>>> print(open('entry09.cif').read())   # mmCIF, C-alpha atoms and all ligand atoms; chains and numbers go by the auth columns
data_input
loop_
_atom_site.group_PDB
_atom_site.id
_atom_site.type_symbol
_atom_site.label_atom_id
_atom_site.label_comp_id
_atom_site.label_asym_id
_atom_site.label_seq_id
_atom_site.Cartn_x
_atom_site.Cartn_y
_atom_site.Cartn_z
_atom_site.B_iso_or_equiv
_atom_site.auth_seq_id
_atom_site.auth_asym_id
ATOM 1 C CA MET A 1 11.789 -15.257 -53.139 0.00 1 A
ATOM 2 C CA LYS A 2 11.384 -18.221 -50.927 0.00 2 A
ATOM 3 C CA GLU A 3 13.972 -16.903 -48.485 0.00 3 A
ATOM 4 C CA ARG A 4 12.288 -13.529 -48.419 0.00 4 A
ATOM 5 C CA SER A 5 8.918 -14.956 -47.492 0.00 5 A
ATOM 6 C CA SER A 6 10.440 -17.052 -44.739 0.00 6 A
ATOM 7 C CA LYS A 7 12.085 -13.944 -43.309 0.00 7 A
ATOM 8 C CA MET A 8 8.760 -12.199 -43.348 0.00 8 A
ATOM 9 C CA ILE A 9 7.199 -15.068 -41.485 0.00 9 A
ATOM 10 C CA SER A 10 9.888 -15.032 -38.817 0.00 10 A
ATOM 11 C CA PHE A 11 9.503 -11.251 -38.519 0.00 11 A
ATOM 12 C CA ALA A 12 5.783 -11.728 -38.042 0.00 12 A
ATOM 13 C CA VAL A 13 6.396 -14.350 -35.363 0.00 13 A
ATOM 14 C CA VAL A 14 8.794 -12.071 -33.486 0.00 14 A
ATOM 15 C CA LEU A 15 6.318 -9.204 -33.669 0.00 15 A
ATOM 16 C CA ALA A 16 3.548 -11.435 -32.375 0.00 16 A
ATOM 17 C CA ILE A 17 5.720 -12.477 -29.421 0.00 17 A
ATOM 18 C CA ILE A 18 6.545 -8.843 -28.626 0.00 18 A
ATOM 19 C CA LEU A 19 2.895 -7.841 -28.816 0.00 19 A
ATOM 20 C CA SER A 20 1.774 -10.645 -26.549 0.00 20 A
ATOM 21 C CA THR A 21 4.546 -9.864 -24.045 0.00 21 A
ATOM 22 C CA THR A 22 3.540 -6.193 -23.996 0.00 22 A
ATOM 23 C CA GLY A 23 -0.077 -7.153 -23.521 0.00 23 A
ATOM 24 C CA ASN A 24 0.736 -9.143 -20.411 0.00 24 A
ATOM 25 C CA THR A 25 3.059 -6.650 -18.784 0.00 25 A
ATOM 26 C CA PHE A 26 1.333 -4.291 -16.414 0.00 26 A
ATOM 27 C CA SER A 27 2.884 -1.482 -14.453 0.00 27 A
ATOM 28 C CA TYR A 28 0.175 -1.014 -11.842 0.00 28 A
ATOM 29 C CA MET A 29 1.321 -0.665 -8.263 0.00 29 A
ATOM 30 C CA ARG A 30 -0.532 -1.509 -5.067 0.00 30 A
ATOM 31 C CA LEU A 31 -0.491 0.852 -2.112 0.00 31 A
ATOM 32 C CA GLY A 32 0.428 -2.038 0.147 0.00 32 A
ATOM 33 C CA LYS A 33 -0.945 -5.414 1.104 0.00 33 A
ATOM 34 C CA GLY A 34 -4.293 -3.979 2.206 0.00 34 A
ATOM 35 C CA LYS A 35 -7.595 -3.448 0.401 0.00 35 A
ATOM 36 C CA ILE A 36 -11.100 -2.245 1.190 0.00 36 A
ATOM 37 C CA SER A 37 -12.486 -4.318 4.030 0.00 37 A
ATOM 38 C CA GLY A 38 -15.266 -6.562 2.724 0.00 38 A
ATOM 39 C CA GLY A 39 -14.454 -5.820 -0.918 0.00 39 A
ATOM 40 C CA ALA A 40 -15.144 -2.994 -3.344 0.00 40 A
ATOM 41 C CA LYS A 41 -18.650 -3.957 -4.456 0.00 41 A
ATOM 42 C CA GLY A 42 -21.827 -2.126 -3.488 0.00 42 A
ATOM 43 C CA LEU A 43 -20.103 0.839 -1.830 0.00 43 A
ATOM 44 C CA LEU A 44 -21.609 4.298 -1.433 0.00 44 A
ATOM 45 C CA TYR A 45 -19.893 7.694 -1.512 0.00 45 A
ATOM 46 C CA TYR A 46 -21.020 11.056 -0.170 0.00 46 A
ATOM 47 C CA ILE A 47 -20.288 14.528 -1.547 0.00 47 A
ATOM 48 C CA ASP A 48 -20.087 17.158 1.191 0.00 48 A
ATOM 49 C CA SER A 49 -21.853 20.489 0.571 0.00 49 A
ATOM 50 C CA SER A 50 -18.412 22.118 0.297 0.00 50 A
ATOM 51 C CA ALA A 51 -17.849 20.160 -2.927 0.00 51 A
ATOM 52 C CA SER A 52 -21.402 20.286 -4.291 0.00 52 A
ATOM 53 C CA GLU A 53 -20.386 22.712 -7.055 0.00 53 A
ATOM 54 C CA TYR A 54 -18.314 19.865 -8.494 0.00 54 A
ATOM 55 C CA SER A 55 -20.788 17.018 -8.021 0.00 55 A
ATOM 56 C CA ASP A 56 -21.032 16.400 -11.747 0.00 56 A
ATOM 57 C CA SER A 57 -17.328 15.796 -12.366 0.00 57 A
ATOM 58 C CA ILE A 58 -16.942 13.890 -9.075 0.00 58 A
ATOM 59 C CA ASN A 59 -19.815 11.563 -9.998 0.00 59 A
ATOM 60 C CA TYR A 60 -18.362 10.904 -13.434 0.00 60 A
ATOM 61 C CA GLY A 61 -14.892 10.250 -12.072 0.00 61 A
ATOM 62 C CA ILE A 62 -15.830 7.896 -9.271 0.00 62 A
ATOM 63 C CA GLN A 63 -18.454 6.022 -11.250 0.00 63 A
ATOM 64 C CA TYR A 64 -16.003 5.393 -14.086 0.00 64 A
ATOM 65 C CA TRP A 65 -14.893 2.427 -11.989 0.00 65 A
ATOM 66 C CA ASN A 66 -18.333 0.843 -12.273 0.00 66 A
ATOM 67 C CA ASN A 67 -18.589 -2.058 -14.699 0.00 67 A
ATOM 68 C CA LYS A 68 -14.850 -2.024 -15.371 0.00 68 A
ATOM 69 C CA VAL A 69 -14.476 -5.049 -13.117 0.00 69 A
ATOM 70 C CA SER A 70 -17.383 -7.067 -11.772 0.00 70 A
ATOM 71 C CA THR A 71 -15.975 -6.907 -8.238 0.00 71 A
ATOM 72 C CA VAL A 72 -16.222 -3.093 -8.117 0.00 72 A
ATOM 73 C CA SER A 73 -19.385 -1.011 -7.914 0.00 73 A
ATOM 74 C CA VAL A 74 -20.046 2.352 -6.341 0.00 74 A
ATOM 75 C CA ALA A 75 -23.022 4.720 -6.127 0.00 75 A
ATOM 76 C CA ARG A 76 -23.735 8.089 -4.548 0.00 76 A
ATOM 77 C CA THR A 77 -25.686 8.486 -1.317 0.00 77 A
ATOM 78 C CA ASP A 78 -27.087 11.578 0.377 0.00 78 A
ATOM 79 C CA GLU A 79 -26.818 9.876 3.764 0.00 79 A
ATOM 80 C CA GLN A 80 -23.310 10.327 5.058 0.00 80 A
ATOM 81 C CA SER A 81 -23.714 7.577 7.657 0.00 81 A
ATOM 82 C CA TYR A 82 -23.912 4.991 4.849 0.00 82 A
ATOM 83 C CA SER A 83 -20.944 6.395 2.964 0.00 83 A
ATOM 84 C CA ARG A 84 -17.603 4.626 2.681 0.00 84 A
ATOM 85 C CA CYS A 85 -16.010 7.562 0.821 0.00 85 A
ATOM 86 C CA ASP A 86 -16.614 11.215 1.755 0.00 86 A
ATOM 87 C CA VAL A 87 -15.576 13.969 -0.675 0.00 87 A
ATOM 88 C CA TYR A 88 -14.699 17.498 0.538 0.00 88 A
ATOM 89 C CA TRP A 89 -13.470 20.656 -1.153 0.00 89 A
ATOM 90 C CA GLY A 90 -11.469 23.321 0.625 0.00 90 A
ATOM 91 C CA SER A 91 -8.209 25.097 1.289 0.00 91 A
ATOM 92 C CA TYR A 92 -6.440 22.126 2.864 0.00 92 A
ATOM 93 C CA PHE A 93 -3.042 22.551 1.260 0.00 93 A
ATOM 94 C CA PRO A 94 -0.801 25.560 0.634 0.00 94 A
ATOM 95 C CA SER A 95 -1.329 27.073 -2.815 0.00 95 A
ATOM 96 C CA ASN A 96 2.298 26.389 -3.724 0.00 96 A
ATOM 97 C CA SER A 97 2.213 22.767 -2.547 0.00 97 A
ATOM 98 C CA GLY A 98 1.162 21.390 -5.920 0.00 98 A
ATOM 99 C CA VAL A 99 -1.275 19.066 -4.175 0.00 99 A
ATOM 100 C CA ILE A 100 -4.470 18.775 -6.197 0.00 100 A
ATOM 101 C CA ALA A 101 -6.215 16.263 -3.945 0.00 101 A
ATOM 102 C CA GLN A 102 -5.456 13.804 -1.177 0.00 102 A
ATOM 103 C CA THR A 103 -7.127 10.558 -0.150 0.00 103 A
ATOM 104 C CA TYR A 104 -6.985 9.502 3.489 0.00 104 A
ATOM 105 C CA LEU A 105 -7.632 5.816 4.133 0.00 105 A
ATOM 106 C CA LYS A 106 -9.415 5.220 7.406 0.00 106 A
ATOM 107 C CA LEU A 107 -10.004 2.472 9.889 0.00 107 A
ATOM 108 C CA ASN A 108 -12.721 3.726 12.223 0.00 108 A
ATOM 109 C CA ASN A 109 -11.490 7.237 12.892 0.00 109 A
ATOM 110 C CA ILE A 110 -7.773 6.712 12.574 0.00 110 A
ATOM 111 C CA ASP A 111 -5.615 6.635 9.465 0.00 111 A
ATOM 112 C CA ALA A 112 -5.170 3.089 8.188 0.00 112 A
ATOM 113 C CA SER A 113 -1.907 1.374 7.386 0.00 113 A
ATOM 114 C CA TYR A 114 -1.615 0.464 3.715 0.00 114 A
ATOM 115 C CA ASP A 115 -0.722 -3.077 4.715 0.00 115 A
ATOM 116 C CA THR A 116 -3.936 -3.789 6.596 0.00 116 A
ATOM 117 C CA ASP A 117 -7.466 -3.508 5.207 0.00 117 A
ATOM 118 C CA TRP A 118 -9.175 -0.117 5.497 0.00 118 A
ATOM 119 C CA TYR A 119 -12.882 0.599 5.854 0.00 119 A
ATOM 120 C CA TRP A 120 -13.540 4.058 4.442 0.00 120 A
ATOM 121 C CA CYS A 121 -11.806 7.167 3.133 0.00 121 A
ATOM 122 C CA GLU A 122 -11.876 10.943 2.950 0.00 122 A
ATOM 123 C CA ILE A 123 -11.029 12.622 -0.344 0.00 123 A
ATOM 124 C CA LYS A 124 -9.983 16.260 0.051 0.00 124 A
ATOM 125 C CA LEU A 125 -9.957 18.354 -3.104 0.00 125 A
ATOM 126 C CA ASN A 126 -7.684 21.390 -3.014 0.00 126 A
ATOM 127 C CA SER A 127 -9.700 24.542 -3.641 0.00 127 A
ATOM 128 C CA GLN A 128 -6.496 26.337 -4.692 0.00 128 A
ATOM 129 C CA VAL A 129 -6.439 24.439 -7.973 0.00 129 A
ATOM 130 C CA PHE A 130 -9.708 22.526 -8.249 0.00 130 A
ATOM 131 C CA LYS A 131 -11.622 25.177 -10.107 0.00 131 A
ATOM 132 C CA TYR A 132 -12.085 26.101 -13.727 0.00 132 A
ATOM 133 C CA TYR A 133 -13.031 29.559 -14.922 0.00 133 A
ATOM 134 C CA ALA A 134 -14.659 29.582 -18.336 0.00 134 A
ATOM 135 C CA ASP A 135 -13.159 32.950 -19.233 0.00 135 A
ATOM 136 C CA LYS A 136 -9.639 31.552 -18.530 0.00 136 A
ATOM 137 C CA THR A 137 -8.767 34.605 -16.434 0.00 137 A
ATOM 138 C CA GLN A 138 -7.563 32.288 -13.701 0.00 138 A
ATOM 139 C CA THR A 139 -5.925 28.915 -13.759 0.00 139 A
ATOM 140 C CA GLY A 140 -7.615 25.767 -12.557 0.00 140 A
ATOM 141 C CA LEU A 141 -8.424 22.236 -13.566 0.00 141 A
ATOM 142 C CA SER A 142 -10.375 21.592 -16.729 0.00 142 A
ATOM 143 C CA TYR A 143 -13.585 19.576 -16.512 0.00 143 A
ATOM 144 C CA PHE A 144 -11.694 16.604 -17.988 0.00 144 A
ATOM 145 C CA ASP A 145 -9.005 16.822 -15.314 0.00 145 A
ATOM 146 C CA ARG A 146 -11.526 17.227 -12.503 0.00 146 A
ATOM 147 C CA ILE A 147 -13.156 13.980 -13.610 0.00 147 A
ATOM 148 C CA GLY A 148 -9.732 12.338 -13.865 0.00 148 A
ATOM 149 C CA THR A 149 -8.763 13.566 -10.412 0.00 149 A
ATOM 150 C CA ALA A 150 -11.895 12.113 -8.792 0.00 150 A
ATOM 151 C CA CYS A 151 -11.294 8.833 -10.612 0.00 151 A
ATOM 152 C CA HIS A 152 -7.616 8.801 -9.563 0.00 152 A
ATOM 153 C CA GLU A 153 -8.420 9.445 -5.904 0.00 153 A
ATOM 154 C CA TYR A 154 -11.011 6.666 -5.811 0.00 154 A
ATOM 155 C CA GLY A 155 -8.313 4.459 -7.338 0.00 155 A
ATOM 156 C CA HIS A 156 -6.259 5.098 -4.168 0.00 156 A
ATOM 157 C CA PHE A 157 -9.244 4.041 -2.055 0.00 157 A
ATOM 158 C CA LEU A 158 -9.390 0.837 -4.100 0.00 158 A
ATOM 159 C CA GLY A 159 -5.750 0.215 -3.197 0.00 159 A
ATOM 160 C CA LEU A 160 -3.713 1.438 -6.170 0.00 160 A
ATOM 161 C CA TRP A 161 -0.566 3.555 -6.029 0.00 161 A
ATOM 162 C CA HIS A 162 1.029 5.813 -8.652 0.00 162 A
ATOM 163 C CA VAL A 163 2.508 4.655 -11.930 0.00 163 A
ATOM 164 C CA SER A 164 4.589 6.542 -14.502 0.00 164 A
ATOM 165 C CA ASP A 165 2.513 5.388 -17.499 0.00 165 A
ATOM 166 C CA LYS A 166 0.681 8.593 -18.494 0.00 166 A
ATOM 167 C CA THR A 167 -2.167 6.645 -20.085 0.00 167 A
ATOM 168 C CA ALA A 168 -3.089 5.123 -16.705 0.00 168 A
ATOM 169 C CA ILE A 169 -5.484 6.995 -14.430 0.00 169 A
ATOM 170 C CA MET A 170 -3.104 6.213 -11.543 0.00 170 A
ATOM 171 C CA SER A 171 -0.374 8.400 -13.048 0.00 171 A
ATOM 172 C CA GLN A 172 -0.180 11.877 -11.550 0.00 172 A
ATOM 173 C CA LEU A 173 -1.601 14.908 -13.328 0.00 173 A
ATOM 174 C CA GLY A 174 1.592 16.800 -12.554 0.00 174 A
ATOM 175 C CA ASP A 175 3.540 14.135 -14.451 0.00 175 A
ATOM 176 C CA GLY A 176 1.454 14.703 -17.570 0.00 176 A
ATOM 177 C CA ARG A 177 -1.419 12.270 -17.200 0.00 177 A
ATOM 178 C CA THR A 178 -3.448 11.935 -20.396 0.00 178 A
ATOM 179 C CA ALA A 179 -5.983 9.423 -19.049 0.00 179 A
ATOM 180 C CA GLY A 180 -9.447 10.508 -17.960 0.00 180 A
ATOM 181 C CA SER A 181 -10.705 7.075 -16.942 0.00 181 A
ATOM 182 C CA PRO A 182 -9.248 3.694 -15.879 0.00 182 A
ATOM 183 C CA SER A 183 -6.951 2.060 -18.439 0.00 183 A
ATOM 184 C CA ALA A 184 -6.298 -1.639 -19.016 0.00 184 A
ATOM 185 C CA ASP A 185 -3.381 -1.307 -16.605 0.00 185 A
ATOM 186 C CA ASP A 186 -5.546 0.199 -13.850 0.00 186 A
ATOM 187 C CA ILE A 187 -8.167 -2.511 -14.382 0.00 187 A
ATOM 188 C CA ALA A 188 -5.518 -5.221 -14.152 0.00 188 A
ATOM 189 C CA GLY A 189 -4.482 -3.754 -10.813 0.00 189 A
ATOM 190 C CA ILE A 190 -8.043 -3.916 -9.498 0.00 190 A
ATOM 191 C CA LYS A 191 -8.389 -7.512 -10.652 0.00 191 A
ATOM 192 C CA ALA A 192 -5.145 -8.384 -8.886 0.00 192 A
ATOM 193 C CA ILE A 193 -6.574 -7.043 -5.626 0.00 193 A
ATOM 194 C CA TYR A 194 -10.251 -8.069 -5.743 0.00 194 A
ATOM 195 C CA GLY A 195 -10.403 -10.754 -8.420 0.00 195 A
ATOM 196 C CA SER A 196 -12.107 -10.627 -11.783 0.00 196 A
HETATM 197 ZN ZN ZN B . -2.429 10.071 -6.294 0.00 201 B
#
>>> encode(input="entry09.cif", output="structure tokens", more="lines below")
Ligand SMILES: [Zn+2]
Amino acid sequence: MKERSSKMISFAVVLAIILSTTGNTFSYMRLGKGKISGGAKGLLYYIDSSASEYSDSINYGIQYWNNKVSTVSVARTDEQSYSRCDVYWGSYFPSNSGVIAQTYLKLNNIDASYDTDWYWCEIKLNSQVFKYYADKTQTGLSYFDRIGTACHEYGHFLGLWHVSDKTAIMSQLGDGRTAGSPSADDIAGIKAIYGS
């Protein structure tokens, strides 16, 4: 009896060690050494008229990052000149490319290196897949996945790269992403870049 209870205690200790190790192991990946110039707080984004049909899911997705970490905040603007993130919708990629969306990091008007800080970005949503028909007669992204896609793309702007963990918003939809908003792993990545 005594031996049994001591085994149970050691089992509990081992389990506690495993749990704490798991809790401290993150799989987030950075794009490179760069980040948003001046930090990720107080930034504005602009939705082009081409994407206005999807404003609702885009707003949800991007603004999911708000309040997750105190060093990140983002709000919509109708004045493109103030925007640090412009969202477009169109036929940018071949229909068989599998590309749902692409984020282009910019320094002035040229593409930025991932290893130096960038200033703004363009998010291009692929019209070939970024649509949902309620009658299911055609394929397209569900409302949940449109929100997740906007959130994922803004995660690239923040400086995060893909992970294989399907519960992280930075995993790819084509790999079976189940997340619709930033996970603890995604948040840890943001804190690693911009602080807590
Ligand atoms: Zn991506």
>>> closest_residue(input="entry09.cif", among="A:Ile100, A:Ala192, A:Ala75, A:Leu44", to="Ala150 in chain A", atoms="only C-alpha atoms")
A:Ile100
>>> closest_atom_pairs(input="entry09.cif", of="chain A", to="ligand ZN 201 (chain B)", cutoff="12 Å", atoms="all atoms listed in the file", output="tab-separated table")
residue	atom	partner	partner_atom	distance
A:Met29	CA	B:ZN201	ZN	11.5
A:Arg30	CA	B:ZN201	ZN	11.8
A:Leu31	CA	B:ZN201	ZN	10.3
A:Gly98	CA	B:ZN201	ZN	11.9
A:Val99	CA	B:ZN201	ZN	9.3
A:Ile100	CA	B:ZN201	ZN	8.9
A:Ala101	CA	B:ZN201	ZN	7.6
A:Gln102	CA	B:ZN201	ZN	7.0
A:Thr103	CA	B:ZN201	ZN	7.7
A:Tyr104	CA	B:ZN201	ZN	10.8
A:Ile123	CA	B:ZN201	ZN	10.8
A:Lys124	CA	B:ZN201	ZN	11.6
A:Leu125	CA	B:ZN201	ZN	11.6
A:Gly148	CA	B:ZN201	ZN	10.8
A:Thr149	CA	B:ZN201	ZN	8.3
A:Ala150	CA	B:ZN201	ZN	10.0
A:Cys151	CA	B:ZN201	ZN	9.9
A:His152	CA	B:ZN201	ZN	6.3
A:Glu153	CA	B:ZN201	ZN	6.0
A:Tyr154	CA	B:ZN201	ZN	9.2
A:Gly155	CA	B:ZN201	ZN	8.2
A:His156	CA	B:ZN201	ZN	6.6
A:Phe157	CA	B:ZN201	ZN	10.0
A:Leu158	CA	B:ZN201	ZN	11.8
A:Gly159	CA	B:ZN201	ZN	10.9
A:Leu160	CA	B:ZN201	ZN	8.7
A:Trp161	CA	B:ZN201	ZN	6.8
A:His162	CA	B:ZN201	ZN	6.0
A:Val163	CA	B:ZN201	ZN	9.2
A:Ser164	CA	B:ZN201	ZN	11.4
A:Ala168	CA	B:ZN201	ZN	11.5
A:Ile169	CA	B:ZN201	ZN	9.2
A:Met170	CA	B:ZN201	ZN	6.5
A:Ser171	CA	B:ZN201	ZN	7.3
A:Gln172	CA	B:ZN201	ZN	6.0
A:Leu173	CA	B:ZN201	ZN	8.6
A:Gly174	CA	B:ZN201	ZN	10.0
A:Asp175	CA	B:ZN201	ZN	10.9
A:Arg177	CA	B:ZN201	ZN	11.2
>>> residues_near_point(input="entry09.cif", point="(-18.4, 9.2, 0.8)", cutoff="12 Å", atoms="all atoms listed in the file", output="PyMOL selection string")
chain A and resi 43-49+51+58-59+62+74-88+103-106+119-124+150+154+157
>>> write_last_selection(input="entry09.cif", atoms="C-alpha atoms", output="PDB file, keeping the file's coordinate frame")
ATOM      1  CA  LEU A  43     -20.103   0.839  -1.830  1.00  0.00           C
ATOM      2  CA  LEU A  44     -21.609   4.298  -1.433  1.00  0.00           C
ATOM      3  CA  TYR A  45     -19.893   7.694  -1.512  1.00  0.00           C
ATOM      4  CA  TYR A  46     -21.020  11.056  -0.170  1.00  0.00           C
ATOM      5  CA  ILE A  47     -20.288  14.528  -1.547  1.00  0.00           C
ATOM      6  CA  ASP A  48     -20.087  17.158   1.191  1.00  0.00           C
ATOM      7  CA  SER A  49     -21.853  20.489   0.571  1.00  0.00           C
ATOM      8  CA  ALA A  51     -17.849  20.160  -2.927  1.00  0.00           C
ATOM      9  CA  ILE A  58     -16.942  13.890  -9.075  1.00  0.00           C
ATOM     10  CA  ASN A  59     -19.815  11.563  -9.998  1.00  0.00           C
ATOM     11  CA  ILE A  62     -15.830   7.896  -9.271  1.00  0.00           C
ATOM     12  CA  VAL A  74     -20.046   2.352  -6.341  1.00  0.00           C
ATOM     13  CA  ALA A  75     -23.022   4.720  -6.127  1.00  0.00           C
ATOM     14  CA  ARG A  76     -23.735   8.089  -4.548  1.00  0.00           C
ATOM     15  CA  THR A  77     -25.686   8.486  -1.317  1.00  0.00           C
ATOM     16  CA  ASP A  78     -27.087  11.578   0.377  1.00  0.00           C
ATOM     17  CA  GLU A  79     -26.818   9.876   3.764  1.00  0.00           C
ATOM     18  CA  GLN A  80     -23.310  10.327   5.058  1.00  0.00           C
ATOM     19  CA  SER A  81     -23.714   7.577   7.657  1.00  0.00           C
ATOM     20  CA  TYR A  82     -23.912   4.991   4.849  1.00  0.00           C
ATOM     21  CA  SER A  83     -20.944   6.395   2.964  1.00  0.00           C
ATOM     22  CA  ARG A  84     -17.603   4.626   2.681  1.00  0.00           C
ATOM     23  CA  CYS A  85     -16.010   7.562   0.821  1.00  0.00           C
ATOM     24  CA  ASP A  86     -16.614  11.215   1.755  1.00  0.00           C
ATOM     25  CA  VAL A  87     -15.576  13.969  -0.675  1.00  0.00           C
ATOM     26  CA  TYR A  88     -14.699  17.498   0.538  1.00  0.00           C
ATOM     27  CA  THR A 103      -7.127  10.558  -0.150  1.00  0.00           C
ATOM     28  CA  TYR A 104      -6.985   9.502   3.489  1.00  0.00           C
ATOM     29  CA  LEU A 105      -7.632   5.816   4.133  1.00  0.00           C
ATOM     30  CA  LYS A 106      -9.415   5.220   7.406  1.00  0.00           C
ATOM     31  CA  TYR A 119     -12.882   0.599   5.854  1.00  0.00           C
ATOM     32  CA  TRP A 120     -13.540   4.058   4.442  1.00  0.00           C
ATOM     33  CA  CYS A 121     -11.806   7.167   3.133  1.00  0.00           C
ATOM     34  CA  GLU A 122     -11.876  10.943   2.950  1.00  0.00           C
ATOM     35  CA  ILE A 123     -11.029  12.622  -0.344  1.00  0.00           C
ATOM     36  CA  LYS A 124      -9.983  16.260   0.051  1.00  0.00           C
ATOM     37  CA  ALA A 150     -11.895  12.113  -8.792  1.00  0.00           C
ATOM     38  CA  TYR A 154     -11.011   6.666  -5.811  1.00  0.00           C
ATOM     39  CA  PHE A 157      -9.244   4.041  -2.055  1.00  0.00           C
TER      40      PHE A 157
END
>>> atom_distance(input="entry09.cif", atom1="CA of Ala112 in chain A", atom2="CA of Phe93 in chain A")
20.8 Å
>>> atom_distance(input="entry09.cif", atom1="CA of Ala40 in chain A", atom2="CA of Ser73 in chain A")
6.5 Å
>>> resolve_selection(input="entry09.cif", expression="the PyMOL selection byres (((chain A and resi 182) around 8) and not hetatm)", output="list in words")
Tyr64, Trp65, Cys151, Ala168, Ile169, Met170, Ala179, Gly180, Ser181, Ser183, Ala184, Asp185, Asp186 and Ile187 of chain A
>>> residues_near_point(input="entry09.cif", point="(-16.5, -4.8, -4.5)", cutoff="7 Å", atoms="all atoms listed in the file", output="ChimeraX atom specification")
/A:39-42,71-73
>>> write_last_selection(input="entry09.cif", atoms="C-alpha atoms", output="CSV table (one decimal), keeping the file's coordinate frame")
chain,number,residue,atom,x,y,z
A,39,GLY,CA,-14.5,-5.8,-0.9
A,40,ALA,CA,-15.1,-3.0,-3.3
A,41,LYS,CA,-18.6,-4.0,-4.5
A,42,GLY,CA,-21.8,-2.1,-3.5
A,71,THR,CA,-16.0,-6.9,-8.2
A,72,VAL,CA,-16.2,-3.1,-8.1
A,73,SER,CA,-19.4,-1.0,-7.9
>>> atom_distance(input="entry09.cif", atom1="CA of Phe144 in chain A", atom2="CA of Asn126 in chain A")
16.2 Å
>>> resolve_selection(input="entry09.cif", expression="the PyMOL selection byres (((chain A and resi 116) around 9) and not hetatm)", output="list in words")
Gly32, Lys33, Gly34, Lys35, Ser37, Ala112, Ser113, Tyr114, Asp115, Asp117 and Trp118 of chain A
>>> closest_residue(input="entry09.cif", among="A:Val69, A:Thr178, A:Val129, A:Thr167", to="Ser27 in chain A", atoms="all atoms listed in the file")
A:Thr167
>>> closest_residue(input="entry09.cif", among="A:Asn109, A:Asn96, A:Tyr28, A:Ile147", to="Ser55 in chain A", atoms="only C-alpha atoms")
A:Ile147
>>> closest_residue(input="entry09.cif", among="A:Lys166, A:Trp89, A:Gly61, A:Asp145", to="Gln128 in chain A", atoms="all atoms listed in the file")
A:Trp89
